[in-house]
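Undergrad: PDB, C-alpha atoms, file upload-v8.pdb:
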```pdb
ATOM      1  CA  MET R  87     -16.415  45.649 -11.356
ATOM      2  CA  SER R  88     -14.823  48.979 -10.396
ATOM      3  CA  SER R  89     -14.769  50.092  -6.759
ATOM      4  CA  THR R  90     -17.208  52.965  -7.415
ATOM      5  CA  LYS R  91     -19.660  50.636  -9.135
ATOM      6  CA  GLN R  92     -19.384  48.178  -6.245
ATOM      7  CA  LYS R  93     -20.068  50.941  -3.716
ATOM      8  CA  LEU R  94     -23.068  52.169  -5.700
ATOM      9  CA  SER R  95     -24.440  48.613  -5.969
ATOM     10  CA  ILE R  96     -24.112  48.085  -2.220
ATOM     11  CA  ILE R  97     -25.755  51.436  -1.428
ATOM     12  CA  GLY R  98     -28.516  50.595  -3.929
ATOM     13  CA  LEU R  99     -29.068  47.223  -2.273
ATOM     14  CA  ILE R 100     -29.320  48.797   1.197
ATOM     15  CA  VAL R 101     -31.686  51.543   0.004
ATOM     16  CA  LEU R 102     -33.857  48.993  -1.839
ATOM     17  CA  GLY R 103     -33.985  46.815   1.285
ATOM     18  CA  VAL R 104     -35.020  49.763   3.476
ATOM     19  CA  LEU R 105     -37.725  50.816   0.996
ATOM     20  CA  ILE R 106     -39.169  47.291   0.734
ATOM     21  CA  VAL R 107     -39.146  46.825   4.523
ATOM     22  CA  ALA R 108     -40.835  50.214   5.015
ATOM     23  CA  PHE R 109     -43.480  49.612   2.325
ATOM     24  CA  PHE R 110     -44.466  46.127   3.426
ATOM     25  CA  GLY R 111     -43.887  46.914   7.117
ATOM     26  CA  VAL R 112     -46.545  49.647   7.128
ATOM     27  CA  ARG R 113     -48.983  47.360   5.311
ATOM     28  CA  ALA R 114     -48.215  44.486   7.693
ATOM     29  CA  VAL R 115     -48.847  46.710  10.731
ATOM     30  CA  HIS R 116     -52.189  47.813   9.229
ATOM     31  CA  ALA R 117     -53.136  44.189   8.578
ATOM     32  CA  TYR R 118     -52.118  43.235  12.127
ATOM     33  CA  ARG R 119     -54.329  46.013  13.523
ATOM     34  CA  HIS R 120     -57.270  44.623  11.552
ATOM     35  CA  ILE R 121     -56.569  41.200  13.060
ATOM     36  CA  ARG R 122     -56.362  42.642  16.568
ATOM     37  CA  ASP R 123     -59.563  44.667  16.068
ATOM     38  CA  GLY R 124     -61.263  41.453  14.973
ATOM     39  CA  GLY R 125     -60.552  40.000  18.423
ATOM     40  CA  PHE R 126     -57.842  37.608  17.230
ATOM     41  CA  GLY R 127     -54.736  39.319  18.615
ATOM     42  CA  PRO R 128     -53.031  38.827  21.992
ATOM     43  CA  GLY R 129     -55.633  39.138  24.708
ATOM     44  CA  GLY R 130     -58.408  38.906  22.125
ATOM     45  CA  HIS R 131     -60.942  36.140  21.867
ATOM     46  CA  ARG R 132     -61.954  34.038  18.930
ATOM     47  CA  PRO R 133     -65.574  34.287  17.840
ATOM     48  CA  PRO R 134     -67.529  31.090  18.471
ATOM     49  CA  PRO R 135     -67.030  28.558  15.655
ATOM     50  CA  ALA R 136     -70.732  28.374  14.839
ATOM     51  CA  THR R 137     -72.079  29.470  11.472
ATOM     52  CA  GLU R 138     -70.848  32.806  10.185
ATOM     53  CA  THR R 139     -73.166  35.792  10.639
ATOM     54  CA  ASP R 140     -71.247  38.701   9.128
ATOM     55  CA  VAL R 141     -72.589  39.075   5.580
ATOM     56  CA  GLN R 142     -69.848  41.586   4.755
ATOM     57  CA  LEU R 143     -67.486  38.604   4.459
ATOM     58  CA  ILE R 144     -69.365  37.273   1.420
ATOM     59  CA  ARG R 145     -67.284  37.589  -1.756
ATOM     60  CA  ASP R 146     -68.242  37.233  -5.407
ATOM     61  CA  TRP R 147     -65.951  34.193  -5.932
ATOM     62  CA  MET R 148     -68.139  32.160  -3.559
ATOM     63  CA  THR R 149     -70.771  29.708  -4.799
ATOM     64  CA  ILE R 150     -74.348  29.555  -3.500
ATOM     65  CA  PRO R 151     -73.938  26.118  -1.807
ATOM     66  CA  TYR R 152     -70.725  27.314  -0.122
ATOM     67  CA  ILE R 153     -72.418  30.464   1.197
ATOM     68  CA  ALA R 154     -75.440  28.441   2.329
ATOM     69  CA  ASN R 155     -73.145  26.057   4.218
ATOM     70  CA  THR R 156     -71.103  28.853   5.805
ATOM     71  CA  TYR R 157     -74.100  30.927   6.883
ATOM     72  CA  GLY R 158     -76.347  28.024   7.810
ATOM     73  CA  VAL R 159     -79.155  28.867   5.390
ATOM     74  CA  PRO R 160     -80.856  26.586   2.811
ATOM     75  CA  ASP R 161     -79.245  26.981  -0.606
ATOM     76  CA  ARG R 162     -82.626  26.581  -2.306
ATOM     77  CA  MET R 163     -83.828  29.681  -0.474
ATOM     78  CA  LEU R 164     -80.930  31.677  -1.946
ATOM     79  CA  PHE R 165     -81.595  30.443  -5.503
ATOM     80  CA  LYS R 166     -85.287  31.267  -5.009
ATOM     81  CA  GLU R 167     -84.526  34.785  -3.781
ATOM     82  CA  LEU R 168     -82.232  35.362  -6.760
ATOM     83  CA  LYS R 169     -84.851  33.913  -9.137
ATOM     84  CA  ILE R 170     -82.098  31.794 -10.678
ATOM     85  CA  PRO R 171     -82.497  28.055 -11.470
ATOM     86  CA  GLU R 172     -80.498  25.778  -9.210
ATOM     87  CA  GLU R 173     -79.680  23.369 -12.023
ATOM     88  CA  ASN R 174     -76.255  23.935 -13.621
ATOM     89  CA  ASN R 175     -75.634  26.899 -11.335
ATOM     90  CA  ARG R 176     -74.468  25.208  -8.143
ATOM     91  CA  GLU R 177     -70.796  25.354  -9.094
ATOM     92  CA  LYS R 178     -70.838  28.896 -10.453
ATOM     93  CA  SER R 179     -69.513  31.851  -8.487
ATOM     94  CA  LEU R 180     -71.719  34.853  -7.698
ATOM     95  CA  LYS R 181     -69.758  36.850 -10.271
ATOM     96  CA  VAL R 182     -70.412  34.298 -13.023
ATOM     97  CA  LEU R 183     -74.109  34.189 -12.073
ATOM     98  CA  ASN R 184     -74.235  37.986 -12.116
ATOM     99  CA  ASP R 185     -72.635  38.137 -15.575
ATOM    100  CA  ALA R 186     -75.005  35.463 -16.888
ATOM    101  CA  TYR R 187     -78.322  36.650 -15.447
ATOM    102  CA  PHE R 188     -77.851  40.355 -14.652
ATOM    103  CA  PRO R 189     -75.152  41.605 -17.043
ATOM    104  CA  ASP R 190     -76.326  45.209 -16.733
ATOM    105  CA  GLN R 191     -76.372  45.269 -12.932
ATOM    106  CA  THR R 192     -72.866  44.848 -11.567
ATOM    107  CA  GLY R 193     -72.746  43.293  -8.092
ATOM    108  CA  ILE R 194     -76.509  42.832  -7.787
ATOM    109  CA  VAL R 195     -76.282  39.084  -7.055
ATOM    110  CA  LEU R 196     -73.806  39.691  -4.216
ATOM    111  CA  GLU R 197     -76.075  42.332  -2.691
ATOM    112  CA  GLN R 198     -79.199  40.174  -3.059
ATOM    113  CA  VAL R 199     -77.483  37.238  -1.380
ATOM    114  CA  LYS R 200     -76.377  39.436   1.527
ATOM    115  CA  GLN R 201     -79.912  40.794   1.869
ATOM    116  CA  ALA R 202     -81.516  37.332   1.690
ATOM    117  CA  ILE R 203     -79.251  36.014   4.466
ATOM    118  CA  THR R 204     -79.882  39.077   6.629
ATOM    119  CA  ASP R 205     -83.669  38.681   6.146
ATOM    120  CA  HIS R 206     -83.517  34.951   6.846
ATOM    121  CA  ARG R 207     -81.573  35.359  10.075
ATOM    122  CA  PRO R 208     -83.663  35.006  13.232
ATOM    123  CA  PRO R 209     -83.980  38.224  15.252
ATOM    124  CA  ALA R 210     -81.334  38.701  17.944
ATOM    125  CA  PRO R 211     -82.486  37.690  21.430
ATOM    126  CA  PRO R 212     -83.306  40.633  23.695
ATOM    127  CA  THR R 213     -80.434  41.630  25.971
ATOM    128  CA  ALA R 214     -80.984  41.339  29.699
ATOM    129  CA  PRO R 215     -81.382  44.711  31.457
ATOM    130  CA  SER R 216     -78.352  45.660  33.519
ATOM    131  CA  PRO R 217     -78.952  45.745  37.272
TER     132      PRO R 217
ATOM    133  CA  MET N 116     -56.761  34.470 -10.811
ATOM    134  CA  SER N 117     -56.955  33.638  -7.100
ATOM    135  CA  ASP N 118     -60.711  34.279  -7.043
ATOM    136  CA  PHE N 119     -61.311  31.858  -9.919
ATOM    137  CA  LEU N 120     -59.128  29.234  -8.234
ATOM    138  CA  LEU N 121     -60.894  29.653  -4.881
ATOM    139  CA  THR N 122     -64.237  28.912  -6.569
ATOM    140  CA  GLN N 123     -62.745  25.820  -8.202
ATOM    141  CA  VAL N 124     -61.211  24.585  -4.917
ATOM    142  CA  ILE N 125     -64.702  24.765  -3.373
ATOM    143  CA  ASN N 126     -66.056  22.731  -6.320
ATOM    144  CA  TYR N 127     -63.271  20.205  -6.914
ATOM    145  CA  GLY N 128     -61.597  19.961  -3.502
ATOM    146  CA  ALA N 129     -58.225  18.538  -2.531
ATOM    147  CA  PRO N 130     -57.007  17.280  -5.967
ATOM    148  CA  LEU N 131     -57.351  20.745  -7.477
ATOM    149  CA  PHE N 132     -55.751  22.263  -4.378
ATOM    150  CA  ALA N 133     -52.756  19.933  -4.875
ATOM    151  CA  LEU N 134     -52.539  20.920  -8.551
ATOM    152  CA  ILE N 135     -52.486  24.614  -7.589
ATOM    153  CA  LEU N 136     -49.625  24.057  -5.126
ATOM    154  CA  PHE N 137     -47.799  22.050  -7.803
ATOM    155  CA  LEU N 138     -48.137  24.864 -10.362
ATOM    156  CA  GLY N 139     -47.217  27.449  -7.732
ATOM    157  CA  ALA N 140     -44.040  25.499  -6.935
ATOM    158  CA  LEU N 141     -43.161  25.677 -10.634
ATOM    159  CA  GLY N 142     -43.273  29.456 -10.438
ATOM    160  CA  LEU N 143     -46.701  30.239 -11.876
ATOM    161  CA  PRO N 144     -48.003  33.392 -10.170
ATOM    162  CA  ILE N 145     -51.343  31.922  -9.084
ATOM    163  CA  GLY N 146     -51.366  32.912  -5.411
ATOM    164  CA  ALA N 147     -50.674  29.481  -3.936
ATOM    165  CA  SER N 148     -50.204  30.891  -0.419
ATOM    166  CA  VAL N 149     -53.617  32.598  -0.562
ATOM    167  CA  VAL N 150     -55.250  29.357  -1.732
ATOM    168  CA  LEU N 151     -53.465  27.449   1.059
ATOM    169  CA  ILE N 152     -54.767  29.805   3.766
ATOM    170  CA  ALA N 153     -58.250  29.606   2.217
ATOM    171  CA  ALA N 154     -58.030  25.801   2.152
ATOM    172  CA  GLY N 155     -57.371  25.870   5.910
ATOM    173  CA  ALA N 156     -60.543  27.937   6.328
ATOM    174  CA  PHE N 157     -62.501  25.581   4.042
ATOM    175  CA  SER N 158     -61.383  22.688   6.257
ATOM    176  CA  GLU N 159     -62.646  24.489   9.333
ATOM    177  CA  GLN N 160     -65.981  25.029   7.563
ATOM    178  CA  GLY N 161     -66.246  21.356   6.635
ATOM    179  CA  ILE N 162     -65.852  21.942   2.884
ATOM    180  CA  LEU N 163     -62.526  20.068   2.730
ATOM    181  CA  ALA N 164     -61.224  17.204   4.861
ATOM    182  CA  TRP N 165     -58.036  18.634   6.388
ATOM    183  CA  LEU N 166     -55.829  15.523   6.439
ATOM    184  CA  PRO N 167     -56.143  14.379   2.799
ATOM    185  CA  THR N 168     -56.096  18.012   1.692
ATOM    186  CA  ALA N 169     -52.852  18.685   3.576
ATOM    187  CA  ALA N 170     -51.292  15.411   2.366
ATOM    188  CA  LEU N 171     -52.205  16.001  -1.291
ATOM    189  CA  GLY N 172     -51.122  19.632  -1.036
ATOM    190  CA  LEU N 173     -47.743  18.587   0.345
ATOM    191  CA  LEU N 174     -47.362  16.079  -2.465
ATOM    192  CA  GLY N 175     -48.213  18.713  -5.082
ATOM    193  CA  ALA N 176     -45.806  21.288  -3.642
ATOM    194  CA  VAL N 177     -42.934  18.797  -3.288
ATOM    195  CA  LEU N 178     -43.438  17.441  -6.824
ATOM    196  CA  GLY N 179     -43.432  20.993  -8.208
ATOM    197  CA  ASP N 180     -40.218  21.767  -6.327
ATOM    198  CA  ALA N 181     -38.634  18.550  -7.599
ATOM    199  CA  LEU N 182     -39.508  19.510 -11.161
ATOM    200  CA  SER N 183     -38.096  23.031 -10.826
ATOM    201  CA  PHE N 184     -34.949  21.507  -9.231
ATOM    202  CA  SER N 185     -34.702  19.264 -12.324
ATOM    203  CA  ILE N 186     -34.985  22.291 -14.624
ATOM    204  CA  GLY N 187     -32.018  23.825 -12.785
ATOM    205  CA  PHE N 188     -30.162  20.516 -12.972
ATOM    206  CA  TYR N 189     -30.572  20.138 -16.745
ATOM    207  CA  ALA N 190     -29.808  23.813 -17.362
ATOM    208  CA  LYS N 191     -26.517  23.389 -15.449
ATOM    209  CA  ASP N 192     -24.389  22.874 -18.570
ATOM    210  CA  TRP N 193     -25.782  25.963 -20.245
ATOM    211  CA  ILE N 194     -25.265  28.035 -17.073
ATOM    212  CA  ASN N 195     -21.685  26.766 -16.683
ATOM    213  CA  GLN N 196     -20.903  27.620 -20.296
ATOM    214  CA  ARG N 197     -22.377  31.066 -19.840
ATOM    215  CA  PHE N 198     -21.146  31.993 -16.330
ATOM    216  CA  GLY N 199     -18.738  29.186 -15.323
ATOM    217  CA  ASN N 200     -15.628  31.326 -15.810
ATOM    218  CA  SER N 201     -17.003  34.232 -13.796
ATOM    219  CA  LYS N 202     -15.388  34.505 -10.338
ATOM    220  CA  ALA N 203     -18.553  36.119  -8.950
ATOM    221  CA  TRP N 204     -20.621  33.126 -10.101
ATOM    222  CA  GLN N 205     -18.123  30.637  -8.653
ATOM    223  CA  SER N 206     -18.107  32.528  -5.343
ATOM    224  CA  ALA N 207     -21.937  32.688  -5.275
ATOM    225  CA  GLU N 208     -22.118  28.955  -6.024
ATOM    226  CA  ALA N 209     -19.645  28.128  -3.230
ATOM    227  CA  SER N 210     -21.449  30.273  -0.657
ATOM    228  CA  PHE N 211     -24.809  28.759  -1.711
ATOM    229  CA  ASP N 212     -23.371  25.253  -1.210
ATOM    230  CA  GLU N 213     -22.409  26.168   2.369
ATOM    231  CA  ARG N 214     -25.898  27.357   3.305
ATOM    232  CA  ALA N 215     -28.018  25.430   0.813
ATOM    233  CA  GLY N 216     -30.007  23.458   3.387
ATOM    234  CA  LEU N 217     -30.982  26.535   5.360
ATOM    235  CA  ALA N 218     -31.802  28.483   2.173
ATOM    236  CA  ILE N 219     -34.022  25.686   0.814
ATOM    237  CA  PHE N 220     -35.757  25.243   4.175
ATOM    238  CA  LEU N 221     -36.435  28.937   4.888
ATOM    239  CA  THR N 222     -37.569  29.869   1.374
ATOM    240  CA  ARG N 223     -40.401  27.334   1.611
ATOM    241  CA  PHE N 224     -42.344  29.320   4.224
ATOM    242  CA  LEU N 225     -40.500  32.470   5.319
ATOM    243  CA  VAL N 226     -39.261  34.144   2.114
ATOM    244  CA  THR N 227     -41.479  32.336  -0.377
ATOM    245  CA  ALA N 228     -40.705  34.851  -3.158
ATOM    246  CA  LEU N 229     -37.235  33.285  -3.392
ATOM    247  CA  ALA N 230     -38.380  29.657  -3.480
ATOM    248  CA  ILE N 231     -38.228  29.240  -7.284
ATOM    249  CA  PRO N 232     -34.795  30.873  -7.775
ATOM    250  CA  THR N 233     -33.521  28.730  -4.893
ATOM    251  CA  ASN N 234     -34.833  25.551  -6.564
ATOM    252  CA  LEU N 235     -33.190  26.461  -9.871
ATOM    253  CA  ILE N 236     -29.868  27.381  -8.244
ATOM    254  CA  ALA N 237     -29.970  24.231  -6.096
ATOM    255  CA  GLY N 238     -30.558  22.093  -9.195
ATOM    256  CA  GLY N 239     -27.673  23.714 -11.020
ATOM    257  CA  SER N 240     -25.248  23.781  -8.110
ATOM    258  CA  GLY N 241     -24.704  20.048  -7.829
ATOM    259  CA  ILE N 242     -26.535  19.563  -4.518
ATOM    260  CA  LYS N 243     -27.708  15.974  -4.136
ATOM    261  CA  PHE N 244     -31.389  15.516  -4.958
ATOM    262  CA  ARG N 245     -31.988  13.581  -1.722
ATOM    263  CA  ARG N 246     -30.535  16.433   0.359
ATOM    264  CA  PHE N 247     -32.688  18.948  -1.518
ATOM    265  CA  MET N 248     -35.809  16.861  -0.988
ATOM    266  CA  THR N 249     -35.158  16.476   2.750
ATOM    267  CA  TYR N 250     -34.956  20.223   3.394
ATOM    268  CA  ASP N 251     -37.685  20.914   0.837
ATOM    269  CA  SER N 252     -40.185  18.462   2.360
ATOM    270  CA  LEU N 253     -39.546  19.787   5.869
ATOM    271  CA  GLY N 254     -39.984  23.386   4.740
ATOM    272  CA  GLU N 255     -43.122  22.662   2.710
ATOM    273  CA  MET N 256     -44.596  20.743   5.644
ATOM    274  CA  ILE N 257     -44.108  23.776   7.886
ATOM    275  CA  TRP N 258     -45.570  26.038   5.167
ATOM    276  CA  ILE N 259     -48.699  23.902   4.922
ATOM    277  CA  ILE N 260     -49.124  23.496   8.683
ATOM    278  CA  LEU N 261     -48.448  27.179   9.396
ATOM    279  CA  TYR N 262     -50.450  28.830   6.602
ATOM    280  CA  GLY N 263     -53.182  26.189   6.486
ATOM    281  CA  GLY N 264     -53.362  26.178  10.294
ATOM    282  CA  LEU N 265     -53.803  29.941  10.395
ATOM    283  CA  GLY N 266     -56.560  29.679   7.783
ATOM    284  CA  TYR N 267     -58.211  27.001   9.914
ATOM    285  CA  PHE N 268     -57.927  29.131  13.057
ATOM    286  CA  PHE N 269     -59.316  32.278  11.406
ATOM    287  CA  GLY N 270     -62.110  30.434   9.579
ATOM    288  CA  SER N 271     -64.305  32.680   7.465
ATOM    289  CA  GLN N 272     -62.100  35.659   8.371
ATOM    290  CA  TRP N 273     -59.041  34.098   6.722
ATOM    291  CA  GLU N 274     -58.548  37.105   4.432
ATOM    292  CA  LEU N 275     -57.289  39.050   7.467
ATOM    293  CA  VAL N 276     -54.375  36.697   7.987
ATOM    294  CA  SER N 277     -53.762  36.328   4.253
ATOM    295  CA  THR N 278     -53.185  40.075   3.892
ATOM    296  CA  PHE N 279     -50.890  40.073   6.917
ATOM    297  CA  LEU N 280     -48.818  37.114   5.740
ATOM    298  CA  SER N 281     -48.334  38.428   2.206
ATOM    299  CA  ASN N 282     -47.015  41.718   3.611
ATOM    300  CA  PHE N 283     -44.933  39.913   6.224
ATOM    301  CA  GLY N 284     -43.308  37.944   3.382
ATOM    302  CA  GLY N 285     -42.454  41.277   1.737
ATOM    303  CA  VAL N 286     -40.855  42.494   4.982
ATOM    304  CA  MET N 287     -38.756  39.315   5.146
ATOM    305  CA  LEU N 288     -37.625  39.793   1.537
ATOM    306  CA  GLY N 289     -36.706  43.425   2.249
ATOM    307  CA  LEU N 290     -34.786  42.408   5.383
ATOM    308  CA  LEU N 291     -32.882  39.807   3.397
ATOM    309  CA  ILE N 292     -31.871  42.399   0.786
ATOM    310  CA  LEU N 293     -30.958  44.884   3.530
ATOM    311  CA  VAL N 294     -28.854  42.373   5.483
ATOM    312  CA  SER N 295     -27.117  41.273   2.255
ATOM    313  CA  GLY N 296     -26.277  44.910   1.498
ATOM    314  CA  ILE N 297     -24.932  45.514   5.010
ATOM    315  CA  TRP N 298     -22.944  42.271   4.884
ATOM    316  CA  LEU N 299     -21.378  43.275   1.544
ATOM    317  CA  ALA N 300     -20.608  46.762   2.883
ATOM    318  CA  VAL N 301     -18.906  45.357   5.990
ATOM    319  CA  ARG N 302     -16.910  42.886   3.881
ATOM    320  CA  LYS N 303     -15.798  45.650   1.556
ATOM    321  CA  LEU N 304     -14.771  47.924   4.449
ATOM    322  CA  ARG N 305     -12.731  45.094   5.971
ATOM    323  CA  ASN N 306     -10.988  44.251   2.699
ATOM    324  CA  GLU N 307     -10.303  47.808   1.599
ATOM    325  CA  PRO N 308      -7.623  48.759   4.160
ATOM    326  CA  ALA N 309      -5.760  45.520   3.408
ATOM    327  CA  SER N 310      -5.846  46.095  -0.344
ATOM    328  CA  GLU N 311      -4.782  49.743   0.167
ATOM    329  CA  LEU N 312      -1.761  48.568   2.217
ATOM    330  CA  LEU N 313      -0.878  46.039  -0.466
ATOM    331  CA  ALA N 314      -1.115  48.758  -3.100
ATOM    332  CA  LYS N 315       1.238  51.013  -1.070
ATOM    333  CA  ASN N 316       3.840  48.235  -0.651
TER     334      ASN N 316
END
```
As structure tokens - that is how I would like this structure written.
TA:
Amino acid sequence: MSSTKQKLSIIGLIVLGVLIVAFFGVRAVHAYRHIRDGGFGPGGHRPPPATETDVQLIRDWMTIPYIANTYGVPDRMLFKELKIPEENNREKSLKVLNDAYFPDQTGIVLEQVKQAITDHRPPAPPTAPSP
Amino acid sequence: MSDFLLTQVINYGAPLFALILFLGALGLPIGASVVLIAAGAFSEQGILAWLPTAALGLLGAVLGDALSFSIGFYAKDWINQRFGNSKAWQSAEASFDERAGLAIFLTRFLVTALAIPTNLIAGGSGIKFRRFMTYDSLGEMIWIILYGGLGYFFGSQWELVSTFLSNFGGVMLGLLILVSGIWLAVRKLRNEPASELLAKN
């Protein structure tokens, strides 16, 4: 390899390295901020390990029994709310159920599950008045 | 692909998880690290039993690595015929031999994008299989404990750490390329004055 080609290859390698570090570095910092905002970072606290309450964490790859287990709700209640038979559907993801039962309504199963869990949740206890 | 696999891990548990790590170790782009972090979260939620899941996962990953090492080993003759006379290849092979253990170990969990090329090069470079497996098993164990442990710690919010780790892996890869470039530049600058003097004499 000629000296000029070698120099260009080395410069290319350094520039590529800088670009990759910058690209992923910015994304990593953003992701870290999300972690810190979630109370997991240094000085943060971990939420109690009881059943999950944030329905925004439900994804369409999840199955009904998995969601029921995670959110501490009966899975039969979720099937009933969706008006979908439990039989043969326990191992299917929300997306597969949506495509099978509501092909014209994208994301409706996910939204209905979120709503059903929110409705099923007991009301939050009243906060004590500050002195 | 990852979404489909996550659903199946919920349904079929540790054996499927092990199969995913096996296929990931063979180089299939199926998001094995994402599934590993998720498996940690599933263990925390009581969906998977953490010890058999971790043990089967380790077995799957190590078997996949062993197979990709074997591919490199059996492709050795072809590679030698093709590149054996190249000085650059011989030099790369020699410098890999010097740092093979560290490269195998670190690419298991720190720069995972380079794990497959490392397995293939290790197989073709004449490194003993037992030596490869020692560093490989240690690295994979750390990968499973670290990524799975973080998934366990973050529970249902495991996606937060998954996003961070995938970008962190990219930073590590970029740093490796950058350091390699700087190292080559320094080596060239050191050699150039000497070669210029030789040319003058």
Undergrad: Using all atoms listed in the file, what does the table of chain N residues within 7 Å of chain R look like, with each row giving the shortest atom pair and its distance in Å to one decimal, sorted by chain and ascending number, as CSV?
TA:
```
residue,atom,partner,partner_atom,distance
N:Asp118,CA,R:Trp147,CA,5.4
N:Phe119,CA,R:Trp147,CA,6.5
N:Leu121,CA,R:Trp147,CA,6.9
N:Thr122,CA,R:Trp147,CA,5.6
N:Asn126,CA,R:Glu177,CA,6.1
N:Gln160,CA,R:Thr156,CA,6.6
N:Leu275,CA,R:Ile121,CA,6.0
N:Thr278,CA,R:Ala117,CA,6.2
N:Phe279,CA,R:Ala117,CA,5.0
N:Asn282,CA,R:Ala114,CA,5.1
N:Phe283,CA,R:Ala114,CA,5.8
N:Gly285,CA,R:Phe110,CA,5.5
N:Val286,CA,R:Val107,CA,4.7
N:Gly289,CA,R:Gly103,CA,4.5
N:Leu290,CA,R:Gly103,CA,6.1
N:Ile292,CA,R:Gly103,CA,4.9
N:Leu293,CA,R:Gly103,CA,4.2
N:Gly296,CA,R:Ile100,CA,4.9
N:Ile297,CA,R:Ile100,CA,6.7
N:Leu299,CA,R:Ile96,CA,6.7
N:Ala300,CA,R:Ile96,CA,6.3
```
Undergrad: Could you state which residues are captured by the PyMOL selection byres ((chain N and resi 152) around 10) in this file, as a CSV table (one decimal) with C-alpha atoms, keeping the file's coordinate frame?
TA:
```
chain,number,residue,atom,x,y,z
N,147,ALA,CA,-50.7,29.5,-3.9
N,148,SER,CA,-50.2,30.9,-0.4
N,149,VAL,CA,-53.6,32.6,-0.6
N,150,VAL,CA,-55.2,29.4,-1.7
N,151,LEU,CA,-53.5,27.4,1.1
N,153,ALA,CA,-58.2,29.6,2.2
N,154,ALA,CA,-58.0,25.8,2.2
N,155,GLY,CA,-57.4,25.9,5.9
N,156,ALA,CA,-60.5,27.9,6.3
N,157,PHE,CA,-62.5,25.6,4.0
N,259,ILE,CA,-48.7,23.9,4.9
N,260,ILE,CA,-49.1,23.5,8.7
N,261,LEU,CA,-48.4,27.2,9.4
N,262,TYR,CA,-50.4,28.8,6.6
N,263,GLY,CA,-53.2,26.2,6.5
N,264,GLY,CA,-53.4,26.2,10.3
N,265,LEU,CA,-53.8,29.9,10.4
N,266,GLY,CA,-56.6,29.7,7.8
N,267,TYR,CA,-58.2,27.0,9.9
N,268,PHE,CA,-57.9,29.1,13.1
N,269,PHE,CA,-59.3,32.3,11.4
N,270,GLY,CA,-62.1,30.4,9.6
N,273,TRP,CA,-59.0,34.1,6.7
N,274,GLU,CA,-58.5,37.1,4.4
N,276,VAL,CA,-54.4,36.7,8.0
N,277,SER,CA,-53.8,36.3,4.3
N,280,LEU,CA,-48.8,37.1,5.7
```
Undergrad: Taking the file as shown, what set of residues would the PyMOL selection byres ((chain N and resi 237) around 12) give back, as a PyMOL selection string?
TA: chain N and resi 180-191+207-220+229-236+238-248+250-251
Undergrad: Store the residues picked out above, limited to C-alpha atoms, as a compact mmCIF listing (two decimals), in the coordinates of the input.
TA:
```
# COMPACT_ATOMS: atom_id res chain seq x y z
CA ASP N 180 -40.22 21.77 -6.33
CA ALA N 181 -38.63 18.55 -7.60
CA LEU N 182 -39.51 19.51 -11.16
CA SER N 183 -38.10 23.03 -10.83
CA PHE N 184 -34.95 21.51 -9.23
CA SER N 185 -34.70 19.26 -12.32
CA ILE N 186 -34.98 22.29 -14.62
CA GLY N 187 -32.02 23.82 -12.78
CA PHE N 188 -30.16 20.52 -12.97
CA TYR N 189 -30.57 20.14 -16.74
CA ALA N 190 -29.81 23.81 -17.36
CA LYS N 191 -26.52 23.39 -15.45
CA ALA N 207 -21.94 32.69 -5.28
CA GLU N 208 -22.12 28.96 -6.02
CA ALA N 209 -19.64 28.13 -3.23
CA SER N 210 -21.45 30.27 -0.66
CA PHE N 211 -24.81 28.76 -1.71
CA ASP N 212 -23.37 25.25 -1.21
CA GLU N 213 -22.41 26.17 2.37
CA ARG N 214 -25.90 27.36 3.30
CA ALA N 215 -28.02 25.43 0.81
CA GLY N 216 -30.01 23.46 3.39
CA LEU N 217 -30.98 26.54 5.36
CA ALA N 218 -31.80 28.48 2.17
CA ILE N 219 -34.02 25.69 0.81
CA PHE N 220 -35.76 25.24 4.18
CA LEU N 229 -37.24 33.28 -3.39
CA ALA N 230 -38.38 29.66 -3.48
CA ILE N 231 -38.23 29.24 -7.28
CA PRO N 232 -34.80 30.87 -7.78
CA THR N 233 -33.52 28.73 -4.89
CA ASN N 234 -34.83 25.55 -6.56
CA LEU N 235 -33.19 26.46 -9.87
CA ILE N 236 -29.87 27.38 -8.24
CA GLY N 238 -30.56 22.09 -9.20
CA GLY N 239 -27.67 23.71 -11.02
CA SER N 240 -25.25 23.78 -8.11
CA GLY N 241 -24.70 20.05 -7.83
CA ILE N 242 -26.54 19.56 -4.52
CA LYS N 243 -27.71 15.97 -4.14
CA PHE N 244 -31.39 15.52 -4.96
CA ARG N 245 -31.99 13.58 -1.72
CA ARG N 246 -30.54 16.43 0.36
CA PHE N 247 -32.69 18.95 -1.52
CA MET N 248 -35.81 16.86 -0.99
CA TYR N 250 -34.96 20.22 3.39
CA ASP N 251 -37.68 20.91 0.84
```
Undergrad: Between atom CA of Leu131 of chain N and atom CA of Gly179 of chain N, what is the distance in Å, rounded to a tenth?
TA: 13.9 Å
Undergrad: Separation of atom CA of Asn195 of chain N and atom CA of Ser88 of chain R, in Å?
TA: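 Between these atoms lies a distance of 24.1 Å.
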Undergrad: Rounded to one decimal in Å, what is the spacing between atom CA of Ile150 of chain R and atom CA of Arg207 of chain R?
TA: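 Separating atom CA of Ile150 of chain R from atom CA of Arg207 of chain R is a distance of 16.4 Å.
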Undergrad: For the file shown, what are the residues hit by the PyMOL selection byres ((chain N and resi 166) around 12), laid out as number ranges by chain?
TA: N: 129, 154-155, 158-159, 161, 163-165, 167-173, 259-260, 263-264
Undergrad: So, counting all atoms listed in the file, which residue among R:Val141, R:Val195, R:Leu94, R:Ala154 is closest to Lys169 of chain R?
TA: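 Looking at the shortest contact to Lys169 of chain R, the residue is R:Val195.
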Undergrad: Once 5 Å is added on each side, what are the centre and the three edge lengths, in Å to one decimal, of the axis-aligned box enclosing the listed atoms of segment 190-209 of chain R? Present them as AutoDock Vina command-line options.
TA:
```
--center_x -78.4 --center_y 40.1 --center_z -0.7 --size_x 21.2 --size_y 20.3 --size_z 42.0
```
